[in-house]
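Here's input-v5.pdb, which has PDB, C-alpha atoms and all ligand atoms:
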ATOM      1  CA  MET A1049     112.328 101.566 -10.932
ATOM      2  CA  ASP A1050     108.602 101.937 -11.408
ATOM      3  CA  GLN A1051     107.371  99.792 -14.252
ATOM      4  CA  ASN A1052     104.607 101.158 -16.421
ATOM      5  CA  GLN A1053     101.294  99.484 -15.670
ATOM      6  CA  ASN A1054     100.217  99.603 -19.301
ATOM      7  CA  ILE A1055     102.806  97.091 -20.330
ATOM      8  CA  PRO A1056     101.440  93.592 -20.558
ATOM      9  CA  THR A1057     103.987  91.339 -18.949
ATOM     10  CA  PRO A1058     103.973  87.763 -20.215
ATOM     11  CA  ALA A1059     104.779  86.656 -16.659
ATOM     12  CA  SER A1060     101.329  87.659 -15.372
ATOM     13  CA  PRO A1061      98.765  85.488 -17.156
ATOM     14  CA  ASP A1062      95.871  86.603 -14.940
ATOM     15  CA  GLY A1063      95.897  90.142 -16.343
ATOM     16  CA  ARG A1064      96.267  89.148 -19.968
ATOM     17  CA  GLY A1065      92.651  88.976 -21.069
ATOM     18  CA  ASP A1066      92.036  92.566 -20.084
ATOM     19  CA  HIS A1067      95.242  93.702 -21.761
ATOM     20  CA  GLN A1068      94.370  91.903 -24.956
ATOM     21  CA  GLY A1069      90.957  93.600 -25.085
ATOM     22  CA  LYS A1070      92.693  96.935 -24.648
ATOM     23  CA  ASP A1071      95.267  96.062 -27.297
ATOM     24  CA  VAL A1072      92.535  95.238 -29.809
ATOM     25  CA  ARG A1073      90.784  98.551 -29.098
ATOM     26  CA  ARG A1074      94.062 100.474 -29.426
ATOM     27  CA  GLY A1075      94.859  98.636 -32.656
ATOM     28  CA  ARG A1076      91.473  99.608 -34.090
ATOM     29  CA  ASN A1077      92.016 103.213 -32.990
ATOM     30  CA  ASP A1078      95.445 103.123 -34.655
ATOM     31  CA  ILE A1079      93.908 102.185 -37.983
ATOM     32  CA  ILE A1080      91.237 104.888 -37.687
ATOM     33  CA  PHE A1081      93.849 107.465 -36.685
ATOM     34  CA  ILE A1082      96.252 106.609 -39.514
ATOM     35  CA  SER A1083      93.466 106.470 -42.120
ATOM     36  CA  ALA A1084      92.130 109.857 -41.015
ATOM     37  CA  LEU A1085      95.634 111.303 -41.109
ATOM     38  CA  LEU A1086      96.299 110.038 -44.635
ATOM     39  CA  LEU A1087      92.884 111.265 -45.798
ATOM     40  CA  ILE A1088      93.555 114.754 -44.444
ATOM     41  CA  LEU A1089      96.992 114.783 -46.081
ATOM     42  CA  ALA A1090      95.475 113.655 -49.391
ATOM     43  CA  ILE A1091      92.901 116.467 -49.238
ATOM     44  CA  ILE A1092      95.544 119.087 -48.400
ATOM     45  CA  GLY A1093      97.787 117.704 -51.154
ATOM     46  CA  LEU A1094      94.940 117.833 -53.660
ATOM     47  CA  GLY A1095      94.186 121.398 -52.573
ATOM     48  CA  PHE A1096      97.813 122.352 -53.134
ATOM     49  CA  PHE A1097      97.730 120.666 -56.527
ATOM     50  CA  LEU A1098      94.508 122.316 -57.688
ATOM     51  CA  PHE A1099      95.239 125.800 -56.385
ATOM     52  CA  ARG A1100      98.882 126.076 -57.270
ATOM     53  CA  LYS A1101      99.874 129.645 -57.932
ATOM     54  CA  GLU A1102     100.922 130.749 -61.390
ATOM     55  CA  GLY A1103     104.662 130.813 -61.990
ATOM     56  CA  SER A1104     106.507 133.772 -63.456
ATOM     57  CA  SER A1105     109.009 132.023 -65.710
ATOM     58  CA  VAL A1106     110.099 128.711 -67.178
ATOM     59  CA  THR A1107     113.531 127.147 -66.778
ATOM     60  CA  VAL A1108     114.822 124.962 -69.582
ATOM     61  CA  GLU A1109     117.319 122.262 -68.687
ATOM     62  CA  VAL A1110     119.128 120.076 -71.194
ATOM     63  CA  GLY A1111     120.847 116.999 -69.795
ATOM     64  CA  GLY A1112     120.715 118.482 -66.297
ATOM     65  CA  GLN A1113     122.380 121.740 -67.354
ATOM     66  CA  VAL A1114     120.411 124.987 -67.310
ATOM     67  CA  TYR A1115     119.854 126.016 -70.918
ATOM     68  CA  GLY A1116     117.931 129.201 -70.275
ATOM     69  CA  GLU A1117     115.202 130.936 -68.300
ATOM     70  CA  TYR A1118     112.317 132.735 -69.967
ATOM     71  CA  SER A1119     109.637 134.994 -68.525
ATOM     72  CA  LEU A1120     106.036 133.868 -68.979
ATOM     73  CA  SER A1121     104.857 137.468 -69.223
ATOM     74  CA  ARG A1122     106.500 138.029 -72.596
ATOM     75  CA  ASP A1123     105.477 136.090 -75.726
ATOM     76  CA  THR A1124     108.530 134.421 -77.281
ATOM     77  CA  VAL A1125     109.649 131.524 -79.405
ATOM     78  CA  VAL A1126     112.760 129.622 -78.314
ATOM     79  CA  ASP A1127     114.394 126.988 -80.473
ATOM     80  CA  ILE A1128     116.104 124.543 -78.135
ATOM     81  CA  ALA A1129     118.925 122.981 -80.147
ATOM     82  CA  THR A1130     120.369 119.804 -78.692
ATOM     83  CA  GLY A1131     122.835 118.987 -81.483
ATOM     84  CA  ASP A1132     122.643 116.828 -84.613
ATOM     85  CA  GLY A1133     119.920 119.081 -85.969
ATOM     86  CA  GLU A1134     117.550 118.030 -83.184
ATOM     87  CA  LEU A1135     115.183 120.829 -82.255
ATOM     88  CA  ASN A1136     112.334 121.547 -79.818
ATOM     89  CA  ARG A1137     110.439 124.767 -80.420
ATOM     90  CA  LEU A1138     109.274 126.247 -77.095
ATOM     91  CA  VAL A1139     106.537 128.831 -77.452
ATOM     92  CA  ILE A1140     105.427 131.216 -74.710
ATOM     93  CA  ARG A1141     102.047 132.787 -75.438
ATOM     94  CA  ASP A1142      99.414 134.343 -73.155
ATOM     95  CA  GLY A1143     101.402 133.433 -70.038
ATOM     96  CA  LYS A1144     101.596 129.744 -70.911
ATOM     97  CA  ALA A1145     104.480 127.680 -72.252
ATOM     98  CA  PHE A1146     104.221 124.736 -74.645
ATOM     99  CA  VAL A1147     106.318 122.828 -77.178
ATOM    100  CA  GLU A1148     105.000 123.615 -80.661
ATOM    101  CA  THR A1149     107.147 121.327 -82.752
ATOM    102  CA  ALA A1150     109.928 118.861 -82.061
ATOM    103  CA  THR A1151     112.091 116.432 -83.985
ATOM    104  CA  CYS A1152     111.919 113.790 -81.270
ATOM    105  CA  PRO A1153     110.481 110.395 -82.248
ATOM    106  CA  ASP A1154     107.736 110.144 -79.643
ATOM    107  CA  GLY A1155     106.333 113.691 -79.774
ATOM    108  CA  ILE A1156     105.141 113.445 -76.177
ATOM    109  CA  CYS A1157     106.446 116.923 -75.382
ATOM    110  CA  VAL A1158     104.420 118.389 -78.274
ATOM    111  CA  GLY A1159     101.283 116.663 -77.045
ATOM    112  CA  HIS A1160     101.676 118.037 -73.505
ATOM    113  CA  ARG A1161      99.149 120.699 -72.525
ATOM    114  CA  PRO A1162     100.489 124.250 -71.970
ATOM    115  CA  ILE A1163     102.013 124.806 -68.525
ATOM    116  CA  SER A1164     101.871 127.902 -66.306
ATOM    117  CA  ARG A1165     101.499 126.797 -62.666
ATOM    118  CA  MET A1166     104.374 126.463 -60.227
ATOM    119  CA  GLY A1167     106.175 123.155 -60.505
ATOM    120  CA  GLU A1168     104.477 121.992 -63.708
ATOM    121  CA  SER A1169     106.864 120.663 -66.305
ATOM    122  CA  ILE A1170     107.153 119.323 -69.834
ATOM    123  CA  VAL A1171     109.727 116.609 -70.362
ATOM    124  CA  CYS A1172     111.244 115.457 -73.639
ATOM    125  CA  LEU A1173     113.021 112.231 -72.765
ATOM    126  CA  PRO A1174     114.696 111.577 -76.161
ATOM    127  CA  HIS A1175     116.352 115.016 -76.072
ATOM    128  CA  GLN A1176     116.807 115.089 -72.274
ATOM    129  CA  ILE A1177     114.953 118.371 -72.007
ATOM    130  CA  VAL A1178     113.034 119.447 -68.912
ATOM    131  CA  ILE A1179     110.966 122.629 -68.997
ATOM    132  CA  THR A1180     109.765 123.632 -65.514
ATOM    133  CA  VAL A1181     107.626 126.527 -64.331
ATOM    134  CA  THR A1182     109.377 128.500 -61.591
ATOM    135  CA  ASP A1183     108.890 131.843 -59.911
ATOM    136  CA  GLY A1184     112.319 133.081 -60.845
ATOM    137  CA  VAL A1185     113.727 132.408 -57.381
ATOM    138  CA  ASP A1186     115.636 129.207 -56.802
ATOM    139  CA  GLU A1187     114.629 127.835 -53.431
ATOM    140  CA  GLY A1188     115.772 124.333 -52.727
ATOM    141  CA  PRO A1189     115.023 122.960 -49.282
ATOM    142  CA  ASP A1190     118.117 121.517 -47.732
ATOM    143  CA  ILE A1191     117.168 119.378 -44.780
ATOM    144  CA  VAL A1192     119.611 116.684 -43.870
ATOM    145  CA  VAL A1193     119.034 115.134 -40.451
TER     146      VAL A1193
ATOM    147  CA  MET B1044     113.867 111.412  -6.108
ATOM    148  CA  LYS B1045     117.452 110.604  -6.874
ATOM    149  CA  PRO B1046     117.897 108.566 -10.039
ATOM    150  CA  SER B1047     119.608 105.277  -9.375
ATOM    151  CA  ALA B1048     122.953 104.438 -10.918
ATOM    152  CA  LYS B1049     121.294 101.535 -12.706
ATOM    153  CA  LYS B1050     118.748 103.813 -14.357
ATOM    154  CA  ILE B1051     121.445 106.240 -15.470
ATOM    155  CA  ALA B1052     123.424 103.346 -16.929
ATOM    156  CA  LEU B1053     120.359 102.024 -18.773
ATOM    157  CA  LEU B1054     119.549 105.449 -20.226
ATOM    158  CA  GLY B1055     123.170 105.836 -21.280
ATOM    159  CA  LEU B1056     122.941 102.495 -23.046
ATOM    160  CA  CYS B1057     119.727 103.604 -24.790
ATOM    161  CA  THR B1058     121.414 106.833 -25.894
ATOM    162  CA  ALA B1059     124.319 104.852 -27.302
ATOM    163  CA  ILE B1060     121.970 102.531 -29.205
ATOM    164  CA  ALA B1061     120.069 105.550 -30.593
ATOM    165  CA  MET B1062     123.375 107.034 -31.762
ATOM    166  CA  VAL B1063     124.389 103.792 -33.446
ATOM    167  CA  PHE B1064     120.986 103.683 -35.187
ATOM    168  CA  ALA B1065     121.484 107.269 -36.387
ATOM    169  CA  TRP B1066     124.934 106.346 -37.650
ATOM    170  CA  ILE B1067     123.637 103.270 -39.496
ATOM    171  CA  GLU B1068     120.907 105.405 -41.028
ATOM    172  CA  SER B1069     123.451 107.960 -42.232
ATOM    173  CA  LEU B1070     125.271 105.158 -44.075
ATOM    174  CA  LEU B1071     122.159 103.965 -45.920
ATOM    175  CA  PRO B1072     121.523 105.520 -49.325
ATOM    176  CA  PRO B1073     118.705 108.092 -49.329
ATOM    177  CA  LEU B1074     115.341 106.352 -49.669
ATOM    178  CA  VAL B1075     114.110 108.853 -52.233
ATOM    179  CA  ALA B1076     117.014 110.622 -53.884
ATOM    180  CA  ALA B1077     114.944 113.516 -55.201
ATOM    181  CA  VAL B1078     113.599 114.495 -51.789
ATOM    182  CA  PRO B1079     116.130 115.065 -48.997
ATOM    183  CA  GLY B1080     115.095 114.436 -45.427
ATOM    184  CA  ILE B1081     113.200 111.194 -45.912
ATOM    185  CA  LYS B1082     114.461 108.798 -43.274
ATOM    186  CA  LEU B1083     113.319 105.624 -41.637
ATOM    187  CA  GLY B1084     113.802 107.160 -38.191
ATOM    188  CA  LEU B1085     115.612 104.232 -36.591
ATOM    189  CA  PRO B1086     116.704 106.278 -33.503
ATOM    190  CA  ASN B1087     113.039 106.933 -32.778
ATOM    191  CA  ILE B1088     112.570 103.248 -31.960
ATOM    192  CA  VAL B1089     114.738 103.890 -28.904
ATOM    193  CA  ILE B1090     112.845 107.093 -28.064
ATOM    194  CA  VAL B1091     109.502 105.251 -28.187
ATOM    195  CA  PHE B1092     110.965 102.509 -26.001
ATOM    196  CA  VAL B1093     112.297 104.973 -23.398
ATOM    197  CA  LEU B1094     109.052 106.970 -23.449
ATOM    198  CA  TYR B1095     106.983 103.871 -22.641
ATOM    199  CA  ARG B1096     109.405 102.244 -20.221
ATOM    200  CA  PHE B1097     110.633 105.313 -18.320
ATOM    201  CA  GLY B1098     108.724 108.489 -19.200
ATOM    202  CA  TRP B1099     108.865 111.697 -21.212
ATOM    203  CA  ARG B1100     111.654 113.306 -19.161
ATOM    204  CA  GLU B1101     113.961 110.372 -19.768
ATOM    205  CA  ALA B1102     112.967 110.224 -23.464
ATOM    206  CA  ALA B1103     113.679 113.953 -23.818
ATOM    207  CA  SER B1104     117.127 113.550 -22.255
ATOM    208  CA  VAL B1105     118.047 110.632 -24.493
ATOM    209  CA  SER B1106     116.705 112.425 -27.584
ATOM    210  CA  PHE B1107     118.535 115.669 -26.766
ATOM    211  CA  VAL B1108     121.905 114.051 -26.066
ATOM    212  CA  ARG B1109     121.552 111.808 -29.127
ATOM    213  CA  ILE B1110     120.763 114.714 -31.487
ATOM    214  CA  VAL B1111     123.514 117.006 -30.216
ATOM    215  CA  ALA B1112     126.138 114.250 -30.136
ATOM    216  CA  VAL B1113     125.268 112.863 -33.584
ATOM    217  CA  SER B1114     125.149 116.318 -35.152
ATOM    218  CA  LEU B1115     128.571 117.141 -33.721
ATOM    219  CA  LEU B1116     130.093 113.771 -34.611
ATOM    220  CA  PHE B1117     128.713 112.885 -38.034
ATOM    221  CA  GLY B1118     126.708 115.846 -39.225
ATOM    222  CA  ASN B1119     126.673 119.495 -39.832
ATOM    223  CA  PRO B1120     126.176 121.541 -36.621
ATOM    224  CA  VAL B1121     123.674 123.688 -38.534
ATOM    225  CA  THR B1122     121.355 120.700 -38.701
ATOM    226  CA  ILE B1123     121.068 120.656 -34.892
ATOM    227  CA  ALA B1124     118.362 123.321 -35.095
ATOM    228  CA  TYR B1125     116.300 121.228 -37.536
ATOM    229  CA  SER B1126     116.711 118.040 -35.554
ATOM    230  CA  LEU B1127     115.976 119.607 -32.175
ATOM    231  CA  ALA B1128     112.809 121.245 -33.500
ATOM    232  CA  GLY B1129     111.702 117.920 -34.959
ATOM    233  CA  GLY B1130     112.658 115.944 -31.871
ATOM    234  CA  PHE B1131     110.903 118.372 -29.524
ATOM    235  CA  LEU B1132     107.619 118.530 -31.454
ATOM    236  CA  SER B1133     107.644 114.774 -31.994
ATOM    237  CA  LEU B1134     108.144 113.940 -28.318
ATOM    238  CA  LEU B1135     105.596 116.532 -27.193
ATOM    239  CA  GLY B1136     102.933 115.011 -29.443
ATOM    240  CA  MET B1137     103.807 111.431 -28.503
ATOM    241  CA  THR B1138     103.735 112.232 -24.768
ATOM    242  CA  LEU B1139     100.290 113.848 -24.996
ATOM    243  CA  LEU B1140      98.870 111.053 -27.170
ATOM    244  CA  LYS B1141     100.276 108.375 -24.875
ATOM    245  CA  LYS B1142      98.524 110.071 -21.934
ATOM    246  CA  THR B1143      95.144 109.663 -23.672
ATOM    247  CA  ASP B1144      95.765 105.892 -23.812
ATOM    248  CA  LEU B1145      93.686 105.644 -27.008
ATOM    249  CA  LEU B1146      96.403 104.403 -29.364
ATOM    250  CA  SER B1147      99.074 101.722 -29.321
ATOM    251  CA  THR B1148     102.765 102.460 -29.847
ATOM    252  CA  THR B1149     102.098 102.331 -33.607
ATOM    253  CA  GLY B1150      99.569 105.173 -33.630
ATOM    254  CA  VAL B1151     101.608 107.196 -31.150
ATOM    255  CA  SER B1152     104.791 106.848 -33.174
ATOM    256  CA  VAL B1153     103.009 107.705 -36.451
ATOM    257  CA  ALA B1154     102.044 111.018 -34.839
ATOM    258  CA  GLY B1155     105.667 111.318 -33.696
ATOM    259  CA  GLY B1156     106.988 110.681 -37.211
ATOM    260  CA  VAL B1157     104.715 113.257 -38.819
ATOM    261  CA  LEU B1158     105.423 115.855 -36.125
ATOM    262  CA  HIS B1159     109.166 115.206 -36.380
ATOM    263  CA  ASN B1160     109.062 116.222 -40.042
ATOM    264  CA  ALA B1161     106.671 119.077 -39.289
ATOM    265  CA  GLY B1162     109.130 120.482 -36.752
ATOM    266  CA  GLN B1163     111.957 120.314 -39.266
ATOM    267  CA  ILE B1164     109.887 122.069 -41.945
ATOM    268  CA  LEU B1165     108.760 124.789 -39.527
ATOM    269  CA  MET B1166     112.377 125.396 -38.539
ATOM    270  CA  ALA B1167     113.390 125.498 -42.205
ATOM    271  CA  MET B1168     110.644 128.034 -42.919
ATOM    272  CA  LEU B1169     111.950 130.093 -40.008
ATOM    273  CA  ILE B1170     115.607 129.880 -41.043
ATOM    274  CA  MET B1171     115.076 130.397 -44.768
ATOM    275  CA  SER B1172     112.097 132.740 -44.183
ATOM    276  CA  THR B1173     110.050 131.120 -46.890
ATOM    277  CA  ALA B1174     106.534 129.748 -46.838
ATOM    278  CA  GLY B1175     107.070 127.788 -50.040
ATOM    279  CA  LEU B1176     107.672 124.443 -48.366
ATOM    280  CA  GLY B1177     104.048 123.359 -48.147
ATOM    281  CA  TYR B1178     104.407 120.760 -50.878
ATOM    282  CA  TYR B1179     107.460 119.365 -49.269
ATOM    283  CA  PHE B1180     105.607 118.991 -46.008
ATOM    284  CA  ILE B1181     102.878 116.881 -47.614
ATOM    285  CA  ILE B1182     105.485 114.473 -48.979
ATOM    286  CA  LEU B1183     107.344 114.302 -45.665
ATOM    287  CA  ALA B1184     104.103 113.862 -43.719
ATOM    288  CA  VAL B1185     103.173 110.830 -45.806
ATOM    289  CA  THR B1186     106.641 109.303 -45.504
ATOM    290  CA  GLY B1187     106.613 110.180 -41.791
ATOM    291  CA  THR B1188     103.410 108.167 -41.443
ATOM    292  CA  VAL B1189     104.930 105.145 -43.153
ATOM    293  CA  SER B1190     108.160 105.272 -41.156
ATOM    294  CA  GLY B1191     106.094 105.924 -38.013
ATOM    295  CA  ILE B1192     104.262 102.628 -38.524
ATOM    296  CA  PHE B1193     107.589 100.818 -38.859
ATOM    297  CA  VAL B1194     109.085 102.576 -35.817
ATOM    298  CA  GLY B1195     105.947 101.966 -33.763
ATOM    299  CA  LEU B1196     105.899  98.250 -34.520
ATOM    300  CA  CYS B1197     109.603  97.882 -33.641
ATOM    301  CA  GLY B1198     109.248 100.106 -30.564
ATOM    302  CA  GLY B1199     106.167  98.227 -29.384
ATOM    303  CA  PHE B1200     107.975  94.935 -29.807
ATOM    304  CA  ALA B1201     110.891  96.248 -27.735
ATOM    305  CA  VAL B1202     108.561  97.596 -25.033
ATOM    306  CA  ARG B1203     106.874  94.190 -24.714
ATOM    307  CA  ARG B1204     109.909  91.971 -25.013
ATOM    308  CA  VAL B1205     112.950  93.724 -23.556
ATOM    309  CA  ARG B1206     113.190  92.766 -19.908
ATOM    310  CA  ILE B1207     115.011  94.985 -17.484
ATOM    311  CA  ARG B1208     115.815  93.362 -14.196
TER     312      ARG B1208
HETATM  313 ZN    ZN A1301     109.889 115.288 -77.215
END
Take the structure in the file and write it out as structure tokens.
Amino acid sequence: MDQNQNIPTPASPDGRGDHQGKDVRRGRNDIIFISALLLILAIIGLGFFLFRKEGSSVTVEVGGQVYGEYSLSRDTVVDIATGDGELNRLVIRDGKAFVETATCPDGICVGHRPISRMGESIVCLPHQIVITVTDGVDEGPDIVV
Amino acid sequence: MKPSAKKIALLGLCTAIAMVFAWIESLLPPLVAAVPGIKLGLPNIVIVFVLYRFGWREAASVSFVRIVAVSLLFGNPVTIAYSLAGGFLSLLGMTLLKKTDLLSTTGVSVAGGVLHNAGQILMAMLIMSTAGLGYYFIILAVTGTVSGIFVGLCGGFAVRRVRIR
């Protein structure tokens, strides 16, 4: 079969110097190529992050189970009860959702800024609550191979 | 030009190795549980090897047979469409980049890894008629780059060291 000429064969020492020079150049090009690729991806990713579209509703999950879904276009107050008198008060106002008060020890969820963009979420770890902005349609990519 | 029996046997062996790699990969736990589709791309080591040692036609044959056979044996036949789209785009990009002779196997296979995931996403957008997979593509492109480096290093090693006589 015809062997590819680009392959440096250890059996031919006379051609090695040239191959090594080429290998070094290719290696340098590799690094430039991969760096440029990652930079472009970072810029696109940042663009996606900054210009995310506004969601239409929030989904509340408690311990992995869907607790409820609430539209962002209607001002409401939802008391999320997780048993033993534990409570997180979710408030939707002016198209944004935030946790107003909570009985959890760390209060991280209360400190979180209001959310309204697709994919943003507020998490209360002690109560196992996840509040995520969605657009009302559940689309989960399912790519296996 | 009539392919020799030896060449056919070698390509068959490569296909078998690619299938074993795909099988091993299917046994490994998902690298990132939250994001499906992130794979190391072990079978692509064989594709890179065949592309450099034989050519794009041979690599395409091995890739095609490997994807169809693995999907029928271990996977869901529906995933054939995703895999074929990924395999096609990946090999197309790698073949063109190899022709420029600017990059080593590492750079070429990074492009292959990213394009493999791009092909899958494009097919998913087509099948599910949604454009909302942009985010997902960014994640898969980054992981495709990382796995492409790994595949390229392994493939390059095989291209240099495996002797066929
Ligand atoms: Zn909390």
Could you tell me, counting all atoms listed in the file, which protein and nucleic acid residues lie no more than 9 Å from ligand ZN 1301 (chain A), written as a PyMOL selection string?
-> chain A and resi 1136+1147+1149-1159+1170-1177
Segment 1141-1146 of chain A surroundings by only C-alpha atoms, 7 Å radius, close-in-sequence under 6 positions cut, as a PyMOL selection string = chain A and resi 1120-1121+1123-1124+1161-1164
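Computed from the coordinates, the atom CA of Thr1148 of chain B to atom CA of Ile1182 of chain B distance equals 22.8 Å.
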Within 8 Å of file point (112.9, 127.3, -78.9), counting only C-alpha atoms, expressed as number ranges by chain | A: 1125-1129, 1135-1139
Quick one: write out the picked residues with C-alpha atoms as a PDB file, in the frame of the given file?
ATOM      1  CA  VAL A1125     109.649 131.524 -79.405  1.00  0.00           C
ATOM      2  CA  VAL A1126     112.760 129.622 -78.314  1.00  0.00           C
ATOM      3  CA  ASP A1127     114.394 126.988 -80.473  1.00  0.00           C
ATOM      4  CA  ILE A1128     116.104 124.543 -78.135  1.00  0.00           C
ATOM      5  CA  ALA A1129     118.925 122.981 -80.147  1.00  0.00           C
ATOM      6  CA  LEU A1135     115.183 120.829 -82.255  1.00  0.00           C
ATOM      7  CA  ASN A1136     112.334 121.547 -79.818  1.00  0.00           C
ATOM      8  CA  ARG A1137     110.439 124.767 -80.420  1.00  0.00           C
ATOM      9  CA  LEU A1138     109.274 126.247 -77.095  1.00  0.00           C
ATOM     10  CA  VAL A1139     106.537 128.831 -77.452  1.00  0.00           C
TER      11      VAL A1139
END
Output check: residues returned by the PyMOL selection byres ((chain B) within 6 of (chain A and not hetatm)), as a list in words | Gly1080, Leu1145, Leu1146, Ser1147 and Gly1150 of chain B
Run the PyMOL selection byres (((chain A and resi 1181) around 12) and not hetatm) against the file shown and list the residues it catches, as JSON, numbers by chain.
-> {"A": [1100, 1101, 1102, 1103, 1104, 1105, 1106, 1107, 1108, 1109, 1117, 1118, 1119, 1120, 1140, 1143, 1144, 1145, 1146, 1162, 1163, 1164, 1165, 1166, 1167, 1168, 1169, 1170, 1171, 1178, 1179, 1180, 1182, 1183, 1184, 1185, 1186]}
How would you write, as an MDAnalysis selection string, the residues chosen by the PyMOL selection byres (((chain B and resi 1060) around 12) and not hetatm) on this structure?
-> chainID B and resid 1053:1059 1061:1067 1085:1090 1092:1093 1105:1106 1108:1109 1113
Write the residues of the selection above to a file with C-alpha atoms, as a PDB file, in the frame of the given file.
ATOM      1  CA  LEU B1053     120.359 102.024 -18.773  1.00  0.00           C
ATOM      2  CA  LEU B1054     119.549 105.449 -20.226  1.00  0.00           C
ATOM      3  CA  GLY B1055     123.170 105.836 -21.280  1.00  0.00           C
ATOM      4  CA  LEU B1056     122.941 102.495 -23.046  1.00  0.00           C
ATOM      5  CA  CYS B1057     119.727 103.604 -24.790  1.00  0.00           C
ATOM      6  CA  THR B1058     121.414 106.833 -25.894  1.00  0.00           C
ATOM      7  CA  ALA B1059     124.319 104.852 -27.302  1.00  0.00           C
ATOM      8  CA  ALA B1061     120.069 105.550 -30.593  1.00  0.00           C
ATOM      9  CA  MET B1062     123.375 107.034 -31.762  1.00  0.00           C
ATOM     10  CA  VAL B1063     124.389 103.792 -33.446  1.00  0.00           C
ATOM     11  CA  PHE B1064     120.986 103.683 -35.187  1.00  0.00           C
ATOM     12  CA  ALA B1065     121.484 107.269 -36.387  1.00  0.00           C
ATOM     13  CA  TRP B1066     124.934 106.346 -37.650  1.00  0.00           C
ATOM     14  CA  ILE B1067     123.637 103.270 -39.496  1.00  0.00           C
ATOM     15  CA  LEU B1085     115.612 104.232 -36.591  1.00  0.00           C
ATOM     16  CA  PRO B1086     116.704 106.278 -33.503  1.00  0.00           C
ATOM     17  CA  ASN B1087     113.039 106.933 -32.778  1.00  0.00           C
ATOM     18  CA  ILE B1088     112.570 103.248 -31.960  1.00  0.00           C
ATOM     19  CA  VAL B1089     114.738 103.890 -28.904  1.00  0.00           C
ATOM     20  CA  ILE B1090     112.845 107.093 -28.064  1.00  0.00           C
ATOM     21  CA  PHE B1092     110.965 102.509 -26.001  1.00  0.00           C
ATOM     22  CA  VAL B1093     112.297 104.973 -23.398  1.00  0.00           C
ATOM     23  CA  VAL B1105     118.047 110.632 -24.493  1.00  0.00           C
ATOM     24  CA  SER B1106     116.705 112.425 -27.584  1.00  0.00           C
ATOM     25  CA  VAL B1108     121.905 114.051 -26.066  1.00  0.00           C
ATOM     26  CA  ARG B1109     121.552 111.808 -29.127  1.00  0.00           C
ATOM     27  CA  VAL B1113     125.268 112.863 -33.584  1.00  0.00           C
TER      28      VAL B1113
END
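Taking atom CA of Ile1192 of chain B and atom CA of Thr1149 of chain B as endpoints, the distance between them is 5.4 Å.
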Test item: residues at most 7 Å from Gly1156 of chain B, all atoms listed in the file, excluding those fewer than 3 positions along its chain, as a PyMOL selection string | chain B and resi 1133+1152-1153+1159-1160+1187-1188+1190-1191
Return the padded bounding box of segment 1141-1144 of chain B as AutoDock Vina command-line options: axis-aligned, built from all atoms listed in the file, 8 Å added on each side, with centre and edge lengths in Å to one decimal.
--center_x 97.7 --center_y 108.0 --center_z -23.4 --size_x 21.1 --size_y 20.2 --size_z 18.9
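Our summary of the geometry notes that atom CA of Leu1183 of chain B is positioned 18.7 Å from atom CA of Leu1135 of chain B.
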